[in-house]
Every structure is written in C-alpha cells, then in structure tokens.
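So this one's model00.cif, mmCIF, C-alpha atoms and all ligand atoms:
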data_model
loop_
_atom_site.label_atom_id
_atom_site.label_comp_id
_atom_site.auth_asym_id
_atom_site.auth_seq_id
_atom_site.Cartn_x
_atom_site.Cartn_y
_atom_site.Cartn_z
CA MET A 1 -11.73 0.09 25.39
CA ILE A 2 -8.89 -2.00 24.01
CA GLU A 3 -9.17 -5.74 23.89
CA PHE A 4 -6.46 -8.29 23.21
CA GLN A 5 -7.93 -11.65 22.24
CA ALA A 6 -5.42 -14.52 22.21
CA VAL A 7 -2.79 -12.23 20.71
CA THR A 8 0.58 -13.75 19.89
CA LYS A 9 3.54 -12.13 18.18
CA ARG A 10 6.34 -14.30 16.90
CA PHE A 11 9.12 -12.56 14.99
CA ASP A 12 10.75 -14.08 11.91
CA ASP A 13 13.77 -15.25 13.89
CA GLY A 14 11.47 -17.36 16.06
CA THR A 15 11.37 -15.02 19.10
CA THR A 16 8.01 -15.10 20.83
CA ALA A 17 7.60 -11.51 22.00
CA VAL A 18 3.97 -11.81 23.13
CA ASP A 19 2.40 -15.11 24.03
CA ASN A 20 -1.35 -15.57 23.84
CA LEU A 21 -2.30 -12.30 25.46
CA ASP A 22 -5.88 -11.98 26.64
CA MET A 23 -6.77 -8.75 28.36
CA VAL A 24 -9.16 -5.83 28.38
CA VAL A 25 -7.97 -2.27 28.89
CA GLU A 26 -10.95 -0.36 30.23
CA ALA A 27 -11.93 2.93 28.61
CA GLY A 28 -11.00 6.07 30.53
CA THR A 29 -8.28 4.42 32.65
CA ILE A 30 -4.52 4.58 32.81
CA THR A 31 -3.33 1.02 32.37
CA VAL A 32 0.36 0.32 32.82
CA PHE A 33 2.33 -2.48 31.18
CA VAL A 34 5.35 -3.25 33.33
CA GLY A 35 7.98 -5.96 33.40
CA PRO A 36 11.69 -6.62 32.89
CA SER A 37 13.45 -5.77 29.64
CA GLY A 38 12.41 -7.84 26.65
CA CYS A 39 9.15 -9.17 28.07
CA GLY A 40 7.00 -7.85 25.22
CA LYS A 41 5.60 -4.58 26.59
CA THR A 42 6.50 -2.45 23.58
CA THR A 43 5.45 -5.12 21.14
CA SER A 44 2.04 -5.39 22.83
CA LEU A 45 1.65 -1.61 22.74
CA ARG A 46 2.60 -1.32 19.08
CA MET A 47 0.09 -3.95 18.08
CA VAL A 48 -2.62 -1.49 19.17
CA ASN A 49 -1.73 1.09 16.52
CA ARG A 50 -0.63 -1.49 13.96
CA MET A 51 3.01 -0.53 13.99
CA ILE A 52 3.39 -4.27 14.59
CA GLU A 53 0.92 -6.87 13.29
CA PRO A 54 0.10 -9.88 15.49
CA THR A 55 1.02 -13.35 14.26
CA SER A 56 -2.33 -14.55 15.53
CA GLY A 57 -5.23 -13.29 17.59
CA THR A 58 -7.25 -10.10 17.41
CA VAL A 59 -6.91 -6.58 18.80
CA LEU A 60 -10.11 -4.57 19.15
CA VAL A 61 -10.30 -0.83 19.77
CA ASP A 62 -13.76 0.27 20.87
CA GLY A 63 -15.14 -3.04 19.73
CA GLU A 64 -13.68 -2.75 16.24
CA ASP A 65 -11.16 -5.25 14.87
CA ILE A 66 -8.26 -2.97 13.97
CA ARG A 67 -7.29 -5.14 10.99
CA LYS A 68 -10.27 -3.57 9.28
CA SER A 69 -9.07 0.00 9.71
CA ASN A 70 -6.57 1.84 7.62
CA PRO A 71 -3.36 2.10 9.72
CA ALA A 72 -2.82 5.81 8.99
CA LEU A 73 -6.39 6.69 9.95
CA LEU A 74 -6.23 4.42 12.99
CA ARG A 75 -3.14 6.26 14.22
CA ARG A 76 -4.91 9.59 14.10
CA ARG A 77 -7.33 8.20 16.67
CA ILE A 78 -4.47 6.89 18.77
CA GLY A 79 -1.89 9.27 20.18
CA TYR A 80 1.63 7.90 20.60
CA VAL A 81 4.32 9.23 22.92
CA ILE A 82 7.79 7.73 23.08
CA GLN A 83 10.94 8.09 25.13
CA GLN A 84 12.82 11.33 24.44
CA ALA A 85 9.63 12.64 22.88
CA GLY A 86 10.65 11.84 19.28
CA LEU A 87 10.06 15.42 18.17
CA PHE A 88 10.93 16.67 14.69
CA PRO A 89 14.18 18.59 15.31
CA HIS A 90 13.78 21.05 12.43
CA ARG A 91 10.26 22.12 13.29
CA THR A 92 9.38 24.60 15.99
CA VAL A 93 7.64 23.33 19.09
CA LEU A 94 4.35 24.83 17.90
CA ASP A 95 4.62 23.15 14.50
CA ASN A 96 5.53 19.85 16.14
CA VAL A 97 2.32 19.96 18.14
CA ALA A 98 0.29 21.09 15.10
CA THR A 99 1.48 18.16 12.97
CA VAL A 100 -1.47 15.80 13.36
CA PRO A 101 -4.22 18.44 13.07
CA LEU A 102 -2.55 19.60 9.82
CA LEU A 103 -2.47 16.02 8.55
CA SER A 104 -6.15 15.79 9.40
CA GLY A 105 -6.85 18.71 7.08
CA TRP A 106 -7.15 21.58 9.56
CA THR A 107 -6.11 25.02 8.32
CA ARG A 108 -2.67 26.13 9.47
CA ARG A 109 -4.18 28.85 11.59
CA LYS A 110 -6.62 26.59 13.39
CA ALA A 111 -3.94 23.93 13.92
CA ARG A 112 -1.55 26.46 15.44
CA ALA A 113 -4.23 27.88 17.69
CA ARG A 114 -4.97 24.38 18.94
CA ALA A 115 -1.25 23.73 19.40
CA ALA A 116 -0.88 26.89 21.51
CA GLU A 117 -3.81 25.81 23.66
CA LEU A 118 -2.22 22.39 24.17
CA LEU A 119 1.12 23.85 25.22
CA GLU A 120 -0.73 25.66 27.95
CA ILE A 121 -2.58 22.50 28.97
CA VAL A 122 0.70 20.62 29.47
CA GLY A 123 2.10 23.51 31.46
CA LEU A 124 4.44 25.15 28.94
CA ASP A 125 4.81 28.85 28.39
CA ALA A 126 3.42 30.09 25.06
CA ALA A 127 6.84 31.58 24.24
CA MET A 128 8.27 28.03 24.08
CA GLY A 129 6.25 27.48 20.93
CA LYS A 130 8.80 29.41 18.87
CA ARG A 131 11.74 27.37 20.03
CA TYR A 132 13.18 24.24 18.46
CA PRO A 133 13.17 20.98 20.45
CA ALA A 134 16.92 21.12 21.11
CA GLN A 135 16.36 24.40 22.95
CA LEU A 136 14.20 22.71 25.59
CA SER A 137 15.05 20.63 28.64
CA GLY A 138 14.31 16.91 28.62
CA GLY A 139 11.21 17.39 30.78
CA GLN A 140 9.94 20.18 28.55
CA GLN A 141 10.46 18.04 25.47
CA GLN A 142 8.40 15.27 27.05
CA ARG A 143 5.60 17.74 27.66
CA VAL A 144 5.70 18.76 24.02
CA GLY A 145 5.56 15.06 23.12
CA VAL A 146 2.42 14.67 25.23
CA ALA A 147 0.88 17.85 23.74
CA ARG A 148 1.59 16.57 20.23
CA ALA A 149 -0.03 13.23 20.97
CA LEU A 150 -3.10 14.99 22.36
CA ALA A 151 -3.43 17.39 19.43
CA ALA A 152 -6.04 15.49 17.48
CA ASP A 153 -7.90 14.74 20.71
CA PRO A 154 -7.53 10.97 20.29
CA PRO A 155 -9.60 8.81 22.63
CA VAL A 156 -6.62 6.49 23.08
CA LEU A 157 -3.08 7.39 24.07
CA LEU A 158 -0.15 4.98 23.92
CA MET A 159 2.90 6.00 25.94
CA ASP A 160 6.12 4.00 25.67
CA GLU A 161 8.52 4.77 28.54
CA PRO A 162 7.76 8.45 28.00
CA PHE A 163 9.47 9.70 31.14
CA SER A 164 12.41 7.35 31.49
CA ALA A 165 15.00 9.74 30.04
CA VAL A 166 14.49 12.48 32.63
CA ASP A 167 15.81 12.69 36.18
CA PRO A 168 13.67 11.35 39.06
CA VAL A 169 12.44 14.73 40.28
CA VAL A 170 11.34 15.91 36.85
CA ARG A 171 9.87 12.50 36.26
CA GLU A 172 7.69 12.73 39.33
CA GLY A 173 6.48 16.15 38.16
CA LEU A 174 5.58 14.72 34.76
CA GLN A 175 3.72 11.83 36.40
CA ASP A 176 1.68 14.27 38.50
CA GLU A 177 1.00 16.31 35.39
CA LEU A 178 -0.24 13.23 33.56
CA LEU A 179 -2.56 12.31 36.44
CA ARG A 180 -3.90 15.86 36.51
CA LEU A 181 -4.40 15.89 32.74
CA GLN A 182 -6.13 12.55 32.82
CA ALA A 183 -8.56 13.75 35.47
CA ASP A 184 -9.78 16.30 32.88
CA LEU A 185 -9.31 14.39 29.66
CA ASP A 186 -10.52 10.93 30.56
CA LYS A 187 -8.54 9.15 27.83
CA THR A 188 -7.83 5.48 27.55
CA ILE A 189 -4.11 5.45 28.25
CA VAL A 190 -1.72 2.54 27.95
CA PHE A 191 1.62 3.35 29.54
CA VAL A 192 4.71 1.19 29.25
CA THR A 193 7.47 1.28 31.85
CA HIS A 194 9.99 -1.07 33.43
CA ASP A 195 9.78 0.87 36.68
CA ILE A 196 7.37 -0.70 39.17
CA ASP A 197 7.25 2.46 41.30
CA GLU A 198 6.10 4.46 38.30
CA ALA A 199 3.60 1.73 37.46
CA VAL A 200 1.89 1.68 40.85
CA ARG A 201 2.00 5.45 41.10
CA ILE A 202 0.12 6.24 37.92
CA GLY A 203 -1.68 3.02 36.98
CA GLU A 204 -5.29 2.34 37.84
CA LYS A 205 -4.62 -1.15 36.55
CA VAL A 206 -1.19 -2.69 36.13
CA ALA A 207 -0.28 -5.57 33.83
CA VAL A 208 2.92 -7.34 34.86
CA PHE A 209 4.64 -9.22 32.03
CA ARG A 210 7.28 -11.87 32.38
CA LYS A 211 9.91 -13.10 29.91
CA GLY A 212 8.46 -14.73 26.83
CA GLY A 213 5.66 -12.19 26.64
CA VAL A 214 3.42 -13.88 29.19
CA LEU A 215 0.99 -11.82 31.27
CA ALA A 216 1.83 -12.72 34.87
CA GLN A 217 -0.78 -10.62 36.68
CA TYR A 218 -3.27 -7.92 35.80
CA ALA A 219 -4.65 -6.06 38.79
CA ALA A 220 -5.06 -2.75 40.59
CA PRO A 221 -1.80 -1.56 42.22
CA ALA A 222 -2.99 -2.17 45.79
CA GLU A 223 -3.93 -5.74 44.90
CA LEU A 224 -0.61 -6.29 43.14
CA LEU A 225 1.36 -5.21 46.19
CA SER A 226 -0.74 -7.00 48.77
CA ASN A 227 -1.49 -10.10 46.78
CA PRO A 228 1.15 -10.91 44.15
CA ALA A 229 0.04 -13.85 42.01
CA ASP A 230 3.33 -15.77 42.21
CA ASP A 231 7.02 -15.60 43.12
CA PHE A 232 7.93 -13.79 39.94
CA VAL A 233 5.46 -10.96 40.56
CA SER A 234 6.37 -10.88 44.22
CA SER A 235 10.07 -10.42 43.50
CA PHE A 236 9.35 -7.99 40.66
CA VAL A 237 7.22 -5.68 42.77
CA GLY A 238 10.12 -5.69 45.21
CA LYS A 239 11.04 -5.99 48.81
CA ASP A 240 9.51 -2.66 49.84
CA ARG A 241 6.09 -3.69 48.66
CA GLY A 242 4.64 -3.77 52.16
CA TYR A 243 5.69 -0.21 52.75
CA ARG A 244 4.65 0.92 49.27
CA GLY A 245 1.26 -0.66 49.85
CA LEU A 246 0.62 2.06 52.41
CA SER A 247 0.15 4.43 49.48
CA PHE A 248 -3.21 2.79 48.94
CA LEU A 249 -4.46 2.77 52.51
CA GLN A 250 -6.40 5.77 53.73
CA ALA A 251 -5.66 7.22 57.13
CA ASP A 252 -9.22 7.83 58.21
CA GLY A 253 -9.78 6.62 61.72
CA ILE A 254 -6.57 8.09 63.08
CA GLN A 255 -7.20 10.29 66.08
CA LEU A 256 -4.92 13.30 65.74
CA GLY A 257 -3.12 14.43 68.85
CA GLY A 258 -1.93 17.90 69.83
CA VAL A 259 1.41 19.33 70.86
CA SER A 260 2.35 22.63 72.41
CA THR A 261 2.75 25.30 69.79
CA MET A 262 4.42 28.68 69.67
CA GLY A 263 4.09 31.57 67.27
CA LEU A 264 7.09 33.12 65.54
CA HIS A 265 6.91 36.00 68.01
CA GLY A 266 7.26 33.73 70.99
CA GLU A 267 3.62 33.67 71.94
CA HIS A 268 2.24 30.41 73.23
CA LEU A 269 -0.69 29.29 71.19
CA SER A 270 -3.46 27.37 72.78
CA GLY A 271 -3.93 24.09 70.97
CA GLU A 272 -7.39 22.85 70.19
CA ARG A 273 -6.30 19.31 70.79
CA PRO A 274 -5.08 17.83 74.04
CA SER A 275 -1.42 16.82 74.09
CA THR A 276 -2.22 13.16 74.33
CA VAL A 277 0.57 11.59 72.36
CA GLY A 278 4.32 11.27 72.94
CA GLY A 279 6.92 13.98 73.53
CA PRO A 280 4.91 16.87 74.93
CA ASP A 281 8.25 18.51 75.65
CA TRP A 282 8.79 19.42 72.04
CA THR A 283 7.25 22.66 70.85
CA LEU A 284 6.11 23.20 67.31
CA VAL A 285 6.67 26.70 65.98
CA LEU A 286 4.08 28.07 63.59
CA ASP A 287 4.18 31.15 61.37
CA ASP A 288 1.48 33.82 61.40
CA ASP A 289 -0.69 31.76 59.07
CA GLY A 290 -0.44 28.68 61.27
CA ARG A 291 2.00 26.85 58.99
CA PRO A 292 4.76 24.78 60.66
CA ARG A 293 8.22 26.37 60.69
CA GLY A 294 10.20 23.93 62.83
CA TRP A 295 10.58 22.34 66.24
CA LEU A 296 12.06 23.57 69.50
CA PRO A 297 13.71 20.66 71.35
CA PRO A 298 12.85 19.93 74.98
CA GLY A 299 14.68 22.09 77.49
CA VAL A 300 15.21 25.03 75.16
CA VAL A 301 13.90 28.11 76.87
CA VAL A 302 13.01 30.90 74.52
CA GLN A 303 12.85 34.51 75.53
CA GLY A 304 10.64 36.30 73.03
CA GLU A 305 11.07 35.20 69.42
CA PRO A 306 12.66 31.82 68.79
CA ALA A 307 15.87 32.36 66.80
CA GLU A 308 16.19 30.58 63.47
CA GLU A 309 19.18 28.53 64.74
CA GLU A 310 17.20 27.26 67.70
CA LEU A 311 14.65 25.69 65.40
CA ARG A 312 15.07 22.12 64.25
CA PRO A 313 13.77 21.63 60.73
CA GLY A 314 10.63 19.53 60.67
CA GLY A 315 10.19 16.31 58.73
CA SER A 316 7.78 15.80 55.88
CA LEU A 317 4.26 17.10 56.46
CA TYR A 318 1.24 14.87 56.25
CA THR A 319 -1.78 16.38 54.54
CA GLU A 320 -5.05 15.25 56.08
CA GLY A 321 -7.09 12.95 53.89
CA THR A 322 -4.14 11.55 51.90
CA ALA A 323 -2.74 8.02 52.05
CA LEU A 324 -1.28 6.45 55.17
CA ARG A 325 2.23 6.26 53.75
CA GLY A 326 2.54 10.02 54.15
CA ALA A 327 1.48 9.86 57.80
CA LEU A 328 4.13 7.24 58.60
CA ASP A 329 6.78 9.18 56.72
CA ALA A 330 5.87 12.39 58.56
CA ALA A 331 6.25 10.65 61.93
CA LEU A 332 9.50 8.87 61.03
CA SER A 333 11.11 11.98 59.57
CA SER A 334 10.13 14.33 62.39
CA PRO A 335 12.83 15.12 64.98
CA SER A 336 10.21 14.89 67.73
CA GLY A 337 8.79 11.59 66.49
CA LEU A 338 5.51 13.41 66.03
CA GLY A 339 4.39 13.66 62.43
CA VAL A 340 2.96 17.09 61.70
CA VAL A 341 -0.48 17.02 60.11
CA VAL A 342 -1.66 19.94 57.98
CA ASP A 343 -4.80 20.83 56.06
CA ASP A 344 -4.98 21.50 52.32
CA ASP A 345 -3.61 24.99 52.89
CA GLY A 346 -0.60 23.70 54.80
CA ARG A 347 -1.86 24.87 58.21
CA TYR A 348 -1.09 22.79 61.29
CA THR A 349 -4.02 20.68 62.49
CA GLY A 350 -2.43 18.08 64.76
CA VAL A 351 0.21 15.41 65.15
CA VAL A 352 0.40 11.68 64.60
CA THR A 353 2.84 9.00 65.82
CA ALA A 354 4.30 6.05 63.93
CA GLN A 355 2.72 3.79 66.55
CA GLN A 356 -0.73 5.09 65.64
CA VAL A 357 -0.10 4.26 61.98
CA ILE A 358 1.12 0.77 62.85
CA ASP A 359 -1.90 0.20 65.10
CA LEU A 360 -4.23 1.27 62.31
CA ILE A 361 -2.53 -1.09 59.85
CA GLU A 362 -2.89 -3.93 62.36
CA GLU A 363 -6.54 -3.11 62.86
CA ARG A 364 -7.16 -3.10 59.11
CA ARG A 365 -5.29 -6.38 58.72
CA LYS A 366 -7.45 -8.02 61.36
CA ASP A 367 -10.59 -6.63 59.75
CA ALA A 368 -9.51 -7.98 56.38
CA ALA A 369 -8.77 -11.40 57.87
N1 LIG B 401 11.90 -6.88 15.15
C1 LIG B 401 12.23 -7.84 16.01
N2 LIG B 401 12.77 -8.99 15.60
C2 LIG B 401 13.07 -9.98 16.46
N3 LIG B 401 12.87 -9.91 17.79
C3 LIG B 401 12.35 -8.80 18.27
C4 LIG B 401 12.00 -7.69 17.43
N4 LIG B 401 11.49 -6.70 18.20
C5 LIG B 401 11.53 -7.16 19.47
N5 LIG B 401 12.03 -8.41 19.52
C6 LIG B 401 12.19 -9.25 20.70
O1 LIG B 401 10.93 -9.45 21.27
C7 LIG B 401 11.01 -9.46 22.69
C8 LIG B 401 10.10 -8.42 23.26
O2 LIG B 401 10.54 -7.11 22.89
P1 LIG B 401 9.85 -5.79 23.40
O3 LIG B 401 10.57 -4.66 22.79
O4 LIG B 401 8.40 -5.89 23.17
O5 LIG B 401 10.15 -5.87 24.95
P2 LIG B 401 9.99 -4.78 26.08
O6 LIG B 401 9.35 -5.49 27.21
O7 LIG B 401 9.32 -3.59 25.55
O8 LIG B 401 11.49 -4.47 26.45
P3 LIG B 401 12.23 -3.10 26.90
O9 LIG B 401 11.72 -2.77 28.26
O10 LIG B 401 13.69 -3.51 26.91
O11 LIG B 401 11.91 -2.09 25.86
C9 LIG B 401 12.48 -9.24 23.01
O12 LIG B 401 13.08 -10.49 23.24
C10 LIG B 401 13.03 -8.60 21.77
O13 LIG B 401 14.39 -8.88 21.59
#

Represent the supplied structure as structure tokens.
Amino acid sequence: MIEFQAVTKRFDDGTTAVDNLDMVVEAGTITVFVGPSGCGKTTSLRMVNRMIEPTSGTVLVDGEDIRKSNPALLRRRIGYVIQQAGLFPHRTVLDNVATVPLLSGWTRRKARARAAELLEIVGLDAAMGKRYPAQLSGGQQQRVGVARALAADPPVLLMDEPFSAVDPVVREGLQDELLRLQADLDKTIVFVTHDIDEAVRIGEKVAVFRKGGVLAQYAAPAELLSNPADDFVSSFVGKDRGYRGLSFLQADGIQLGGVSTMGLHGEHLSGERPSTVGGPDWTLVLDDDGRPRGWLPPGVVVQGEPAEEELRPGGSLYTEGTALRGALDAALSSPSGLGVVVDDDGRYTGVVTAQQVIDLIEERRKDAA
C-alpha cells in the first residue's frame, strides 16, 4: 500500500507541481495517474521512490514513512519503468535485466538465470538476451524494461508512460501483457499516462489530476465514466465516455438469437436456436470447426460450396461473457446487422442485435435509477 498524506511539492522557482495530495493506493492493484501535461503525475510518482522529495507531507510505503529509508535500498523494493525503457545501451538485454539482482549481491550466474526467466515471463525469446537494446523494436525494449523492473521481485512497480513511445497496436499488446502479468504477480502498480483510454483500460482505480497538481477525482474506471466529479473530469474523460462505459457493463441477460447457417461444403446446418431476431435472410457460413467464415447476403443462391467471393466478411466477433461494448460493436460492424457471438474457442453460438444491447442498457439504467 502507498499512502500520500497531505503531500505538496513546490519547486524552487515557485511552481506547485503537486498540491496537498491525499490518497491511498491499495496493495495489489494497478492504479493509474492520468491528466493533461504538467499536472504533476510524474512528480507524484517520483516522490514514491524518493527521486523527488516532497516540500511537505508524508509518503508511506507499506505503512513506513519513506523518509526513514535509505533511498538506494528503497529503490530496490520499488521497480521503475520509464518511457523508451531507459535501458543501458552498452549492456546486453540479459545484463540489463540482471542489473538489480547483481546490485543486490546475487552471483552473476544466479542473476543471469533469473534474467532469462524474466525474459520468458514478459514474452521475449531467450535468444534476445544476447542482443543489445538498439537491436530490438520499441515494443520489445519496453518488455525488457518491464523485465528489468521486475528482476528483484519488488512489491511495488512505478511505471511512467511506459508504453507511450510505441504504436497503438503494439501498445495494446503491451497493455494486455501487463494485465496478464499482474494477474500472476499481484504487485502494487502505479502507472502514469496522459491517455484516458489507456487509463480506463488497465486501471482498477484511476486518479485524474488537473493543472496545479490537484487531484480532481479518484475512482474506479466505470465510476469515472458514468459519474465524473465535475466539468473538468467530464471533458477530460471525453465525449465518447458513454460508449466507453459499455466496457464495464456485462452482457448477461441478453437472449441470443439464431440465424441460418451453412457449412463450407454447402450443407445447411440446423441451428440450435430459433431465428428470432432480424434478417433471417442472411446466412452465416461456418468452417468445419463451427467458426464463422463470413456471410451470404439475402438472395444469393449457392450450389454446393459457397465461393470465397460470394462471402461477405463478417464484423468483429463477440465472445460470450465479455463486456457489452463488444456485443454492440459486433452488431454494428456486421454486414447483416447481426453480431456474431462465439464461445471461448471462437465457435459460433448465436447472434445479437444492436437493439438488444440498447434495450439492456435501458433496463440497467432504469434499475440503477
Ligand atoms: N525540476 C523542476 N523545476 C521546476 N518545475 C518543475 C520541475 N519538474 C517539473 N516541474 C513542473 O511541475 C509541474 C508538474 O510536472 P510533472 O512532470 O509532474 O507533470 P506531468 O503531469 O507528469 O506532465 P507530463 O504528462 O507532461 O509528463 C509542471 O508544471 C512542470 O513544469
């Protein structure tokens, strides 16, 4: 647990970077600090590992006032990951990751063995260990940065815009990786970003800062989107917040419909569900394993196997049991207007319409009111 008690940081030139911050970062959570440029996110983060000392107030890590701990020792308990990884360019990847264990007095052999294990944990091939940082892609370098920060198995991890230098697709992969890692590692992670989408995607709690280093709201992402504390937070979380809020609503309660289906060899498959919803004229083509391959538009008569060019590509697939946003997207992106629902193995289980999603949202809203 990390606790800020009335923490203020005023720099020598009179800038107040953090203004009377009171907050508790719960152990074992990913907490995100988000806000526009210059609102004190980095300064707040760096006060946790004593790279910056507060002007007043107290920071506690696991109940201990960090002023009482030696900064170098404190930092071994607190991993730190920064933008563009901050790797040592003249050390191999393996030696970069082994740095902190070596500083902690491990033998070279043990430190390297641990480093190799960590590369695997963050999804990098063992062969990468021999390379130098410049020989890796941006996303790979970030992974090494995460591995290095995890090397001493610190209970706390501070991450300052760690993924902002990579392209959006790689970034999403790294976010997923972090969520997966965290499910196993259960660290206390503080993650700084100026990207609200990233914040609500990975944060269990999100702290929104405003200019002058003032904490504007500290809440779970769903709460932030549905109930912004004031106009600043509302405009910061953006105009799509209603839609993004669907990421936090579960789709249970939606009655899946059926649609006529055809196998790749032209055989008509008997659906388990009645074709109750919308466009029954569209036919969904499934491969031999029951995974969707595309749609046949109404009026297209197929003799034998449907040809590839007759098939209309499907929209996004909605995996049963995931958030409602995916169900709406599947329906809106499907040429038939029917969102294709699949199980965890990607096999077709039914269809859903946008109207059903809207109805469910309405129902939930009424319940909440
Ligand atoms: N060493 C310093 N001396 C004076 N002012 C500073 C110093 N470091 C930061 N500041 C100021 O303190 C404020 C907060 O900076 P900080 O880096 O914490 O913001 P941030 O929210 O992390 O911004 P960004 O998203 O741009 O990194 C800014 O106005 C910044 O200019």

Handout entry: Nearest-residue call for ligand LIG 401 (chain B), choices A:Pro54, A:Pro155, A:Gly63, A:Gly212, using only C-alpha atoms and all ligand atoms
Key = A:Gly212

Handout entry: Between atom CA of A:Val352 and atom CA of A:Ser336, distance in Å (one decimal)
Key =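 So the two atoms, atom CA of A:Val352 and atom CA of A:Ser336, lie 10.8 Å apart.
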
Problem - Length of the atom O10 of ligand LIG 401 (chain B) to atom CA of A:Pro154 vector [Å] - result: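 So the two atoms, atom O10 of ligand LIG 401 (chain B) and atom CA of A:Pro154, lie 26.5 Å apart.
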
Exercise for the section: One decimal, Å: what's the distance from atom CA of A:Thr322 over to atom CA of A:Ala368, could you say? Expected result: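 Interatomic distance here is 20.7 Å.
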
Select the residues contacting ligand LIG 401 (chain B) at a distance of at most 9 Å, based on all atoms listed in the file, then format the selection as a compact mmCIF listing (two decimals) with C-alpha atoms, keeping the file's coordinate frame.
# COMPACT_ATOMS: atom_id res chain seq x y z
CA LYS A 9 3.54 -12.13 18.18
CA ARG A 10 6.34 -14.30 16.90
CA PHE A 11 9.12 -12.56 14.99
CA ASP A 12 10.75 -14.08 11.91
CA ASP A 13 13.77 -15.25 13.89
CA GLY A 14 11.47 -17.36 16.06
CA THR A 15 11.37 -15.02 19.10
CA THR A 16 8.01 -15.10 20.83
CA ALA A 17 7.60 -11.51 22.00
CA VAL A 18 3.97 -11.81 23.13
CA PHE A 33 2.33 -2.48 31.18
CA VAL A 34 5.35 -3.25 33.33
CA GLY A 35 7.98 -5.96 33.40
CA PRO A 36 11.69 -6.62 32.89
CA SER A 37 13.45 -5.77 29.64
CA GLY A 38 12.41 -7.84 26.65
CA CYS A 39 9.15 -9.17 28.07
CA GLY A 40 7.00 -7.85 25.22
CA LYS A 41 5.60 -4.58 26.59
CA THR A 42 6.50 -2.45 23.58
CA THR A 43 5.45 -5.12 21.14
CA SER A 44 2.04 -5.39 22.83
CA LEU A 45 1.65 -1.61 22.74
CA ARG A 46 2.60 -1.32 19.08
CA ILE A 52 3.39 -4.27 14.59
CA ASP A 160 6.12 4.00 25.67
CA GLU A 161 8.52 4.77 28.54
CA VAL A 192 4.71 1.19 29.25
CA THR A 193 7.47 1.28 31.85
CA HIS A 194 9.99 -1.07 33.43
CA PHE A 209 4.64 -9.22 32.03
CA ARG A 210 7.28 -11.87 32.38
CA LYS A 211 9.91 -13.10 29.91
CA GLY A 212 8.46 -14.73 26.83
CA GLY A 213 5.66 -12.19 26.64

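For A:Val122, the residues within 7 Å (counting all atoms listed in the file, excluding itself and residues fewer than 3 positions away along the chain) are Leu118, Leu119, Arg143 and Ala147 of chain A.
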
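Proximity to A:Ile78 at 8 Å, evaluated using only C-alpha atoms and with sequence-adjacent residues fewer than 2 positions away removed, yields Asn49, Leu74, Arg75, Arg76, Tyr80, Pro154, Pro155, Val156, Leu157 and Leu158 of chain A.
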
Practice task
Within 10 Å of A:Ser104, counting only C-alpha atoms, which residues show up once you throw out same-chain ones fewer than 6 positions away? Write them as a PyMOL selection string, please.
Solution key: chain A and resi 73+76+111+152

For the residues selected in the previous step, produce a file with C-alpha atoms as an mmCIF file, in the coordinates of the input.
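After the write, again12.cif holds the following:
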data_model
loop_
_atom_site.group_PDB
_atom_site.id
_atom_site.type_symbol
_atom_site.label_atom_id
_atom_site.label_comp_id
_atom_site.auth_asym_id
_atom_site.auth_seq_id
_atom_site.Cartn_x
_atom_site.Cartn_y
_atom_site.Cartn_z
ATOM 1 C CA LEU A 73 -6.390 6.690 9.950
ATOM 2 C CA ARG A 76 -4.910 9.590 14.100
ATOM 3 C CA ALA A 111 -3.940 23.930 13.920
ATOM 4 C CA ALA A 152 -6.040 15.490 17.480
#

For stretch 351-354 of chain A, what centre and edge lengths in Å (one decimal) does the axis-aligned box get once 6 Å is added on each side of all its listed atoms, as lines of an AutoDock Vina configuration file?
center_x = 2.3
center_y = 10.7
center_z = 64.9
size_x = 16.1
size_y = 21.4
size_z = 13.9

Problem - Within 9 Å of file point (-5.0, 7.1, 33.3), counting only C-alpha atoms, expressed as a list in words - result: Gly28, Thr29, Ile30, Thr31, Val32, Leu178, Leu179, Leu181, Gln182, Ala183, Asp186, Lys187, Thr188, Ile189, Val190, Phe191, Ile202, Gly203, Glu204 and Lys205 of chain A

Problem - Near-stretch 249-263 of chain A list (10 Å; only C-alpha atoms; drop same-chain fewer than 4 positions) as a PyMOL selection string - result: chain A and resi 222+244-245+267-293+295-296+304-306+320-328+338-341+348-353+356-357+359-361+364

Handout entry: From A:Thr92, A:Gly314, A:Asp329, A:Pro162, residue lying nearest A:Lys130 [all atoms listed in the file]
Key = A:Thr92
